[in-house]
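To be precise, the following lines are query-v4.txt, and they hold compact mmCIF, C-alpha atoms.
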# COMPACT_ATOMS: atom_id res chain seq x y z
CA MET A 161 230.11 55.56 94.83
CA LEU A 162 228.61 52.72 96.86
CA LEU A 163 228.00 49.38 95.14
CA VAL A 164 224.99 47.64 96.70
CA VAL A 165 224.50 44.00 95.73
CA GLY A 166 221.44 41.85 96.31
CA LEU A 167 222.04 38.11 96.05
CA GLY A 168 219.55 35.70 94.53
CA ASN A 169 218.86 33.55 91.51
CA PRO A 170 217.31 34.96 88.31
CA GLY A 171 213.98 33.82 86.91
CA THR A 172 210.39 33.71 88.11
CA GLY A 173 210.80 30.18 89.46
CA TYR A 174 213.20 31.46 92.12
CA ALA A 175 211.66 34.87 92.80
CA LYS A 176 209.95 34.00 96.10
CA ASN A 177 212.65 31.61 97.40
CA ARG A 178 214.26 32.24 100.78
CA HIS A 179 217.60 32.34 98.93
CA ASN A 180 216.35 35.44 97.09
CA ILE A 181 215.81 37.69 100.09
CA GLY A 182 218.82 39.74 98.93
CA PHE A 183 217.04 40.54 95.65
CA MET A 184 213.92 41.45 97.61
CA ALA A 185 215.85 43.82 99.89
CA VAL A 186 217.48 45.80 97.07
CA ASP A 187 214.18 45.91 95.16
CA GLU A 188 212.72 47.74 98.15
CA VAL A 189 215.72 50.11 98.39
CA VAL A 190 215.34 51.00 94.71
CA ARG A 191 211.57 51.49 95.03
CA ARG A 192 211.64 53.56 98.19
CA HIS A 193 214.48 55.86 97.15
CA GLY A 194 213.25 56.49 93.62
CA PHE A 195 216.20 55.00 91.75
CA SER A 196 216.33 54.66 87.97
CA ARG A 197 214.52 51.85 86.20
CA TRP A 198 216.32 48.52 86.09
CA ARG A 199 218.51 47.95 83.05
CA THR A 200 220.96 45.25 81.99
CA ARG A 201 224.71 45.69 82.43
CA PHE A 202 227.63 43.85 84.08
CA GLN A 203 225.81 40.50 83.69
CA SER A 204 223.23 42.00 86.05
CA GLU A 205 220.17 44.11 86.45
CA ILE A 206 221.31 47.52 87.70
CA ALA A 207 219.63 50.66 89.01
CA GLU A 208 221.22 53.94 90.02
CA GLY A 209 220.30 56.69 92.44
CA THR A 210 221.41 59.00 95.20
CA VAL A 211 220.86 58.48 98.91
CA GLY A 212 221.79 61.47 101.02
CA SER A 213 225.04 62.69 99.48
CA ASP A 214 226.06 59.26 98.14
CA LYS A 215 225.76 57.94 94.63
CA VAL A 216 224.57 54.34 94.78
CA LEU A 217 224.68 51.61 92.14
CA VAL A 218 222.42 48.65 92.93
CA LEU A 219 223.27 45.32 91.33
CA LYS A 220 221.29 42.07 91.03
CA PRO A 221 223.63 39.51 89.40
CA MET A 222 221.89 37.42 86.73
CA THR A 223 224.68 34.83 86.77
CA PHE A 224 223.00 32.59 89.36
CA MET A 225 224.12 32.61 92.96
CA ASN A 226 227.34 30.62 92.71
CA GLU A 227 228.79 32.96 90.04
CA SER A 228 227.71 36.28 91.60
CA GLY A 229 231.30 37.41 92.08
CA ARG A 230 231.88 37.75 88.33
CA ALA A 231 229.21 40.43 88.04
CA VAL A 232 230.26 42.22 91.22
CA ALA A 233 233.91 42.31 90.15
CA GLU A 234 233.03 43.60 86.67
CA ALA A 235 231.03 46.53 88.07
CA ALA A 236 233.62 47.28 90.77
CA ARG A 237 236.45 47.36 88.22
CA PHE A 238 234.54 49.64 85.86
CA TYR A 239 233.73 52.21 88.53
CA LYS A 240 236.98 51.67 90.50
CA ILE A 241 235.01 50.79 93.63
CA HIS A 242 237.04 49.34 96.49
CA PRO A 243 235.72 46.32 98.44
CA ILE A 244 235.09 48.50 101.52
CA ASP A 245 232.48 50.36 99.41
CA VAL A 246 230.66 47.17 98.42
CA LEU A 247 227.56 46.25 100.45
CA VAL A 248 225.94 42.83 99.96
CA PHE A 249 222.45 41.80 101.09
CA HIS A 250 222.08 38.03 101.46
CA ASP A 251 220.17 35.24 103.19
CA GLU A 252 221.68 33.86 106.40
CA LEU A 253 220.92 30.35 107.68
CA ASP A 254 222.68 30.95 110.99
CA LEU A 255 220.31 33.73 112.03
CA ALA A 256 216.75 33.18 113.17
CA ALA A 257 214.09 34.17 110.65
CA GLY A 258 213.62 37.94 110.64
CA LYS A 259 216.88 38.77 112.42
CA ILE A 260 219.37 41.06 110.71
CA ARG A 261 223.07 41.71 111.29
CA VAL A 262 225.65 43.89 109.54
CA LYS A 263 229.34 43.03 109.45
CA THR A 264 232.42 43.87 107.43
CA GLY A 265 234.86 41.17 106.42
CA GLY A 266 234.98 37.60 107.62
CA GLY A 267 234.38 34.25 106.00
CA HIS A 268 231.62 33.12 103.66
CA ALA A 269 230.28 30.36 105.99
CA GLY A 270 229.57 28.14 102.99
CA HIS A 271 227.29 30.64 101.26
CA ASN A 272 227.90 30.15 97.54
CA GLY A 273 227.19 33.76 96.63
CA LEU A 274 229.62 35.11 99.21
CA ARG A 275 232.17 32.45 98.29
CA SER A 276 232.11 33.66 94.68
CA ILE A 277 232.34 37.33 95.64
CA GLN A 278 235.31 36.68 97.92
CA ALA A 279 237.06 34.74 95.16
CA HIS A 280 236.85 37.84 92.97
CA ILE A 281 237.25 40.85 95.30
CA GLY A 282 238.44 39.41 98.62
CA PRO A 283 236.64 39.43 101.99
CA ASP A 284 236.79 43.11 102.93
CA TYR A 285 233.29 44.10 101.88
CA LYS A 286 230.26 44.80 104.05
CA ARG A 287 227.41 42.34 104.24
CA VAL A 288 223.86 42.60 105.57
CA ARG A 289 222.96 39.14 106.87
CA MET A 290 219.21 38.55 106.68
CA GLY A 291 218.05 35.62 108.78
CA ILE A 292 215.95 32.90 107.19
CA GLY A 293 216.41 30.32 109.95
CA HIS A 294 217.94 26.85 109.72
CA PRO A 295 215.87 23.75 108.96
CA GLY A 296 217.69 21.90 111.75
CA ASP A 297 219.21 19.25 109.50
CA LYS A 298 222.16 19.90 107.17
CA ALA A 299 220.62 17.54 104.60
CA LYS A 300 217.57 19.80 104.36
CA VAL A 301 219.45 23.07 103.79
CA THR A 302 219.23 23.13 99.99
CA GLY A 303 215.51 22.43 100.03
CA HIS A 304 215.02 25.08 102.71
CA VAL A 305 216.79 27.92 100.90
CA LEU A 306 215.29 27.05 97.50
CA LYS A 307 211.75 26.88 98.84
CA ASP A 308 209.41 29.87 98.75
CA PHE A 309 208.68 31.82 101.90
CA THR A 310 205.44 30.52 103.41
CA LYS A 311 202.27 32.52 104.00
CA ALA A 312 203.18 32.57 107.69
CA ASP A 313 206.52 34.17 106.81
CA GLN A 314 205.00 36.90 104.71
CA GLU A 315 203.99 39.24 107.53
CA TRP A 316 207.43 39.48 109.12
CA LEU A 317 209.14 39.45 105.72
CA ASP A 318 207.14 42.41 104.38
CA THR A 319 207.74 44.34 107.60
CA LEU A 320 211.47 43.59 107.51
CA LEU A 321 211.89 44.64 103.88
CA ASP A 322 209.99 47.86 104.54
CA ALA A 323 212.27 48.67 107.50
CA VAL A 324 215.40 47.91 105.48
CA GLY A 325 214.28 50.32 102.76
CA ARG A 326 213.26 53.01 105.24
CA HIS A 327 216.54 52.97 107.18
CA PHE A 328 218.91 52.18 104.30
CA GLU A 329 220.50 55.64 104.41
CA LEU A 330 222.08 54.74 107.77
CA LEU A 331 224.13 52.07 105.99
CA THR A 332 225.43 54.61 103.48
CA GLU A 333 226.57 56.70 106.47
CA ASP A 334 228.36 53.72 108.09
CA ARG A 335 225.90 53.87 111.00
CA ASP A 336 225.53 50.11 111.02
CA SER A 337 224.55 49.79 114.69
CA ASP A 338 221.87 52.44 114.29
CA PHE A 339 220.55 50.62 111.23
CA MET A 340 220.33 47.31 113.10
CA SER A 341 218.66 48.93 116.11
CA LYS A 342 216.02 50.76 114.09
CA VAL A 343 215.22 47.73 111.94
CA ALA A 344 214.90 45.58 115.08
CA VAL A 345 212.41 48.05 116.58
CA ASP A 346 210.37 48.48 113.41
CA ALA A 347 210.49 44.82 112.34
CA PRO A 348 210.82 42.56 115.39
CA ALA A 349 211.69 38.98 114.47
CA PRO A 350 208.85 36.45 114.85
CA LYS A 351 208.60 34.60 118.13
CA LEU A 352 210.05 31.11 118.33
CA GLU A 353 206.62 29.46 118.44
CA ASP A 354 205.62 31.31 115.28
CA THR A 355 208.74 30.02 113.56
CA LEU A 356 208.00 26.46 114.68
CA ASP A 357 204.46 26.76 113.30
CA LYS A 358 205.94 27.98 110.03
CA LYS A 359 208.23 24.94 109.82
CA LYS A 360 205.22 22.68 110.20
CA GLU A 361 203.71 24.35 107.14
CA ASP A 362 206.86 23.55 105.17
Could you take the file, read its structure, and then write that structure out as structure tokens?
Amino acid sequence: MLLVVGLGNPGTGYAKNRHNIGFMAVDEVVRRHGFSRWRTRFQSEIAEGTVGSDKVLVLKPMTFMNESGRAVAEAARFYKIHPIDVLVFHDELDLAAGKIRVKTGGGHAGHNGLRSIQAHIGPDYKRVRMGIGHPGDKAKVTGHVLKDFTKADQEWLDTLLDAVGRHFELLTEDRDSDFMSKVAVDAPAPKLEDTLDKKKED
């Protein structure tokens, strides 16, 4: 079984925040692949389904971002899922808006959700880093991640989420490079000038 985790904060007030792009990504995976309805378990909302030949459990921790690891560890223990079979979708400040990268292992780079997960299951899980861009000033980071995506963001965001859902099966097959390539073709990141215009809107 593959445990797929989307990171975000619960509640309608956070639903459209940049920090919640992980929730948005797994919502699209569940919708596109016809998973079960969401239900509550493991301090999370969970949905189950099959992609290709793989059983997949999707998890949205309801613990708030900085305690996400508690929910992930609880589900992993119950199903005896090893960290290598855990896949986490999360926002990434160090990638330009709309860019996407997949990696296994490594540090948490100050991301509170990843920090919590690593405290509970170690670093050897796979993560899908979804770029939201950096505000350019460390003092503005919190406001940036906890602010809603702008109208200017919406076009590339919708296209990116659609591509992630469409090509998700490649991740279950460990074809990470193919996944990144196909998403990049189907959902090209916005041009720099578009991103600068978006920042002016903020």
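The nearest approach to A:Lys176 among the residues A:His280, A:Lys351, A:Lys311, A:Arg199, with all atoms listed in the file taken into account, belongs to A:Lys311.
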Exercise. Which neighbours of stretch 182-197 of chain A fall inside 9 Å, counting only C-alpha atoms, when residues of the same chain fewer than 2 positions from it are skipped, and could you give them as a ChimeraX atom specification?
Worked result: /A:164-169,175-176,178-180,199,206-211,216,218-220,248-251,288-290,320-322,324-326,328
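Compared by their closest atoms to A:Gly282, and using all atoms listed in the file, the residues A:Met340, A:Ala235, A:Met222, A:Val246 rank with A:Val246 nearest.
Note that the spacing between atom CA of A:Gly303 and atom CA of A:Gly267 amounts to 23.1 Å.
Take the candidates A:Val262, A:Met225, A:Ala269, A:Ala236 and check each one against A:Leu163 using all atoms listed in the file; the shortest distance goes to A:Ala236.
Using all atoms listed in the file, the smallest distance between any of A:Tyr174, A:Lys300, A:Arg275, A:Pro350 and A:Asn226 comes from A:Arg275.
Between A:Gly291 and the residues A:Asp313, A:Asp334, A:Asp214, A:Asp254, the shortest atom-to-atom distance, using all atoms listed in the file, involves A:Asp254.
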Complete stretch 181-203 of chain A at the level of N, CA and C atoms, written as an mmCIF file, keeping the file's coordinate frame.
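Dumped to part-v8.cif:
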data_model
loop_
_atom_site.group_PDB
_atom_site.id
_atom_site.type_symbol
_atom_site.label_atom_id
_atom_site.label_comp_id
_atom_site.auth_asym_id
_atom_site.auth_seq_id
_atom_site.Cartn_x
_atom_site.Cartn_y
_atom_site.Cartn_z
ATOM 1 N N ILE A 181 216.139 36.552 99.235
ATOM 2 C CA ILE A 181 215.810 37.690 100.090
ATOM 3 C C ILE A 181 216.723 38.892 99.798
ATOM 4 N N GLY A 182 217.925 38.640 99.301
ATOM 5 C CA GLY A 182 218.820 39.740 98.930
ATOM 6 C C GLY A 182 218.259 40.544 97.765
ATOM 7 N N PHE A 183 217.719 39.854 96.756
ATOM 8 C CA PHE A 183 217.040 40.540 95.650
ATOM 9 C C PHE A 183 215.880 41.374 96.183
ATOM 10 N N MET A 184 215.094 40.765 97.075
ATOM 11 C CA MET A 184 213.920 41.450 97.610
ATOM 12 C C MET A 184 214.307 42.724 98.352
ATOM 13 N N ALA A 185 215.405 42.662 99.104
ATOM 14 C CA ALA A 185 215.850 43.820 99.890
ATOM 15 C C ALA A 185 216.250 44.980 98.977
ATOM 16 N N VAL A 186 217.034 44.694 97.936
ATOM 17 C CA VAL A 186 217.480 45.800 97.070
ATOM 18 C C VAL A 186 216.337 46.302 96.195
ATOM 19 N N ASP A 187 215.378 45.437 95.865
ATOM 20 C CA ASP A 187 214.180 45.910 95.160
ATOM 21 C C ASP A 187 213.479 46.992 95.981
ATOM 22 N N GLU A 188 213.390 46.776 97.287
ATOM 23 C CA GLU A 188 212.720 47.740 98.150
ATOM 24 C C GLU A 188 213.543 49.023 98.282
ATOM 25 N N VAL A 189 214.858 48.912 98.349
ATOM 26 C CA VAL A 189 215.720 50.110 98.390
ATOM 27 C C VAL A 189 215.504 50.944 97.139
ATOM 28 N N VAL A 190 215.521 50.298 95.982
ATOM 29 C CA VAL A 190 215.340 51.000 94.710
ATOM 30 C C VAL A 190 213.966 51.661 94.642
ATOM 31 N N ARG A 191 212.938 50.942 95.073
ATOM 32 C CA ARG A 191 211.570 51.490 95.030
ATOM 33 C C ARG A 191 211.420 52.683 95.955
ATOM 34 N N ARG A 192 211.861 52.511 97.189
ATOM 35 C CA ARG A 192 211.640 53.560 98.190
ATOM 36 C C ARG A 192 212.421 54.823 97.891
ATOM 37 N N HIS A 193 213.622 54.691 97.347
ATOM 38 C CA HIS A 193 214.480 55.860 97.150
ATOM 39 C C HIS A 193 214.428 56.405 95.724
ATOM 40 N N GLY A 194 213.485 55.914 94.934
ATOM 41 C CA GLY A 194 213.250 56.490 93.620
ATOM 42 C C GLY A 194 214.420 56.376 92.655
ATOM 43 N N PHE A 195 215.080 55.213 92.652
ATOM 44 C CA PHE A 195 216.200 55.000 91.750
ATOM 45 C C PHE A 195 215.701 54.884 90.301
ATOM 46 N N SER A 196 216.653 54.835 89.383
ATOM 47 C CA SER A 196 216.330 54.660 87.970
ATOM 48 C C SER A 196 215.647 53.307 87.743
ATOM 49 N N ARG A 197 215.070 53.158 86.565
ATOM 50 C CA ARG A 197 214.520 51.850 86.200
ATOM 51 C C ARG A 197 215.668 50.843 86.050
ATOM 52 N N TRP A 198 215.319 49.579 86.264
ATOM 53 C CA TRP A 198 216.320 48.520 86.090
ATOM 54 C C TRP A 198 216.715 48.428 84.625
ATOM 55 N N ARG A 199 218.023 48.220 84.393
ATOM 56 C CA ARG A 199 218.510 47.950 83.050
ATOM 57 C C ARG A 199 219.600 46.889 83.138
ATOM 58 N N THR A 200 220.006 46.366 82.018
ATOM 59 C CA THR A 200 220.960 45.250 81.990
ATOM 60 C C THR A 200 222.372 45.740 81.709
ATOM 61 N N ARG A 201 223.283 45.390 82.609
ATOM 62 C CA ARG A 201 224.710 45.690 82.430
ATOM 63 C C ARG A 201 225.498 44.873 83.457
ATOM 64 N N PHE A 202 226.745 44.603 83.166
ATOM 65 C CA PHE A 202 227.630 43.850 84.080
ATOM 66 C C PHE A 202 227.039 42.475 84.430
ATOM 67 N N GLN A 203 226.425 41.811 83.457
ATOM 68 C CA GLN A 203 225.810 40.500 83.690
ATOM 69 C C GLN A 203 224.770 40.576 84.817
#
